[in-house]
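Notes for the one structure printed next.
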Amino acid sequence: MLPIQDTVRTRRLPVATWLLVLTNIFVFLIELACPEPSLERIFYWFGVVPRRYTDPVWAAMAGFPRNNYWNLWPFLTSMFLHGGWVHVIGNMWMFWVFGGTVEGRMGPVRFLLFYLVCGVVASVVHVVLCANSTVPAIGASGAISGVLGAYFFLYPRAGVVVMAPVFFWPVFFAVPAVLYLGLWFVLQFFNGTLALTLPSAGGGIAWWAHVGGFLAGAVTYPLFTVGRRVSRPHRGEHGLAVGGWSRMRY
């Protein structure tokens, strides 16, 4: 089911959401201008490669710098890189549907900080649970998962308008946010567990980054909403490796 919009309306313009969407698209357009060998090297250096942090001997042999300060940057830069049109559009669409509402609750500055914190935690969880992976993990969905985790608790009775194909015909209907996001989280957890037991089943997706980001958002969102009013749904709405290796998407 593809989410189309939520039923919560806020009076604040989602400035930070727009800024993050435009930044991700701008970086992706730069990626398109890069030749493939250079792009793969960018993913390798600025994406999160778990073994870079868990195996110093391998990291040195692979040519990563020994400067710990430099090695920390991928936890931020990885969330602005994407592996293709479907990857970036899918992430930005999901973010657009839910991000503005959460930003309306937090305010743009707090929301931007919250987004970055969730993205970093998502990458840390991926490194811990996929410690031997040498595939760069890139994408914004760890951070976006944090936004979903916050939404789950802030607006559980809001509605999410979704589109589902029925015999190739699009059907639109609303489901409670708590149900939609709850099922989404269960799916991420199930696929993450399956990928740990059967790595070939991972599909090139960093499932545990999604799980880690969601949990980070669910746990930390109160720190970013202190003293701010909650936006309510309107009455009457539906309540309720270089040269050949791949990269992981999240």
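Here's how to read the names in the structure tokens: chain A, B, ... by the order shown, residue numbers from 1 in each chain, ligand numbers from 1 in the order shown.
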### Message
Please list as a count of residues only every residue within 8 Å of Pro14 of chain A, counting only C-alpha atoms and excluding residues in the same chain fewer than 6 positions away.
### Response
6
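Here the residues within segment 42-224 of chain A that DSSP labels strand (DSSP E or B) on the basis of the backbone are Val48, Ala137, Ile138, Gly159, Val160, Val161, Val162, Met163, Ala164, Pro165, Val166, Trp169, Pro170, Val171, Phe172, Phe173, Ala174, Val175, Pro176 and Ile205 of chain A.
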#### Entry: All residues 10 Å or closer to segment 55-64 of chain A, only C-alpha atoms, same chain fewer than 6 positions away omitted, as a PyMOL selection string
chain A and resi 44-45+49+70-71+131-132+134+241
Would you export the selected residues with N, CA and C atoms as a tab-separated table (two decimals), in the first residue's frame, please?
chain	number	residue	atom	x	y	z
A	44	TYR	N	31.54	4.33	-1.47
A	44	TYR	CA	32.46	3.59	-0.62
A	44	TYR	C	33.02	4.46	0.49
A	45	TRP	N	33.33	5.72	0.16
A	45	TRP	CA	33.94	6.61	1.14
A	45	TRP	C	32.92	7.33	2.01
A	49	VAL	N	30.18	1.70	5.70
A	49	VAL	CA	30.68	0.34	5.49
A	49	VAL	C	30.95	-0.25	6.87
A	70	TRP	N	37.64	11.76	10.73
A	70	TRP	CA	37.21	11.60	9.35
A	70	TRP	C	36.28	10.40	9.19
A	71	ASN	N	36.58	9.33	9.91
A	71	ASN	CA	35.79	8.12	9.78
A	71	ASN	C	34.35	8.27	10.27
A	131	ALA	N	28.07	-6.36	11.25
A	131	ALA	CA	29.45	-5.94	11.50
A	131	ALA	C	30.43	-6.36	10.43
A	132	ASN	N	30.19	-7.47	9.76
A	132	ASN	CA	31.15	-7.98	8.78
A	132	ASN	C	30.86	-7.53	7.35
A	134	THR	N	30.90	-5.49	4.03
A	134	THR	CA	31.81	-4.57	3.35
A	134	THR	C	31.08	-3.78	2.26
A	241	ALA	N	31.70	-2.53	-3.24
A	241	ALA	CA	33.18	-2.27	-3.33
A	241	ALA	C	33.48	-1.63	-4.69
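If only C-alpha atoms are the atoms counted, then among A:Leu22, A:Ala216, A:Val48, A:Leu194 the closest residue to Gly139 of chain A is A:Val48.
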### Task
Write out as a list in words the residues lying within 8 Å of segment 142-144 of chain A, counting only C-alpha atoms and excluding same-chain residues fewer than 2 positions away.
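Residues meeting the cut-off are Met79, Asn91, Met94, Phe95, Gly99, Tyr115, Leu116, Val117, Cys118, Gly119, Val120, Ala122, Ser123, Gly139, Ala140, Gly146, Val147, Leu148, Ala209, His210, Val211, Gly212, Gly213, Phe214 and Tyr250 of chain A.
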Write the residues of the selection above to a file with N, CA and C atoms, as a short mmCIF file (atom, residue, chain, number, x, y, z; two decimals), in the first residue's frame.
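Now in out-v9.cif:
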data_model
loop_
_atom_site.label_atom_id
_atom_site.label_comp_id
_atom_site.auth_asym_id
_atom_site.auth_seq_id
_atom_site.Cartn_x
_atom_site.Cartn_y
_atom_site.Cartn_z
N MET A 79 23.30 9.49 4.66
CA MET A 79 21.85 9.68 4.58
C MET A 79 21.43 10.66 3.50
N ASN A 91 12.06 7.21 -1.01
CA ASN A 91 12.39 7.80 0.29
C ASN A 91 11.78 9.18 0.46
N MET A 94 7.89 9.07 0.96
CA MET A 94 7.53 8.66 2.32
C MET A 94 7.80 9.79 3.30
N PHE A 95 8.91 10.46 3.13
CA PHE A 95 9.27 11.56 4.01
C PHE A 95 8.28 12.72 3.87
N GLY A 99 6.71 13.68 7.12
CA GLY A 99 7.67 14.61 7.72
C GLY A 99 7.08 15.93 8.13
N TYR A 115 15.90 14.57 12.95
CA TYR A 115 16.12 13.79 11.73
C TYR A 115 17.54 13.28 11.65
N LEU A 116 18.52 14.17 11.91
CA LEU A 116 19.93 13.78 11.84
C LEU A 116 20.29 12.78 12.93
N VAL A 117 19.77 12.97 14.12
CA VAL A 117 20.04 12.04 15.22
C VAL A 117 19.52 10.64 14.86
N CYS A 118 18.30 10.57 14.36
CA CYS A 118 17.73 9.27 14.00
C CYS A 118 18.53 8.60 12.88
N GLY A 119 19.00 9.40 11.91
CA GLY A 119 19.80 8.84 10.83
C GLY A 119 21.11 8.26 11.32
N VAL A 120 21.75 8.95 12.27
CA VAL A 120 23.01 8.47 12.84
C VAL A 120 22.78 7.18 13.63
N ALA A 122 20.38 5.03 13.28
CA ALA A 122 20.06 3.96 12.34
C ALA A 122 21.32 3.33 11.76
N SER A 123 22.30 4.17 11.40
CA SER A 123 23.57 3.66 10.85
C SER A 123 24.36 2.89 11.89
N GLY A 139 21.46 6.08 1.96
CA GLY A 139 20.05 6.39 1.88
C GLY A 139 19.52 7.13 3.08
N ALA A 140 18.38 7.77 2.89
CA ALA A 140 17.77 8.59 3.93
C ALA A 140 16.77 7.85 4.79
N GLY A 146 12.96 7.19 11.65
CA GLY A 146 12.82 7.89 12.91
C GLY A 146 11.61 8.80 12.92
N VAL A 147 11.36 9.47 11.80
CA VAL A 147 10.17 10.32 11.66
C VAL A 147 8.91 9.46 11.80
N LEU A 148 8.91 8.28 11.20
CA LEU A 148 7.77 7.38 11.32
C LEU A 148 7.57 6.93 12.76
N ALA A 209 18.75 -0.80 9.77
CA ALA A 209 18.79 0.66 9.84
C ALA A 209 17.38 1.21 9.96
N HIS A 210 16.43 0.60 9.27
CA HIS A 210 15.04 1.01 9.40
C HIS A 210 14.53 0.79 10.82
N VAL A 211 14.81 -0.40 11.34
CA VAL A 211 14.37 -0.72 12.70
C VAL A 211 15.01 0.22 13.71
N GLY A 212 16.33 0.40 13.59
CA GLY A 212 17.03 1.27 14.52
C GLY A 212 16.55 2.71 14.44
N GLY A 213 16.31 3.20 13.24
CA GLY A 213 15.82 4.56 13.09
C GLY A 213 14.44 4.73 13.68
N PHE A 214 13.55 3.79 13.44
CA PHE A 214 12.19 3.85 13.98
C PHE A 214 12.22 3.88 15.51
N TYR A 250 18.89 2.14 2.19
CA TYR A 250 18.00 2.29 3.36
C TYR A 250 17.46 3.69 3.43
#
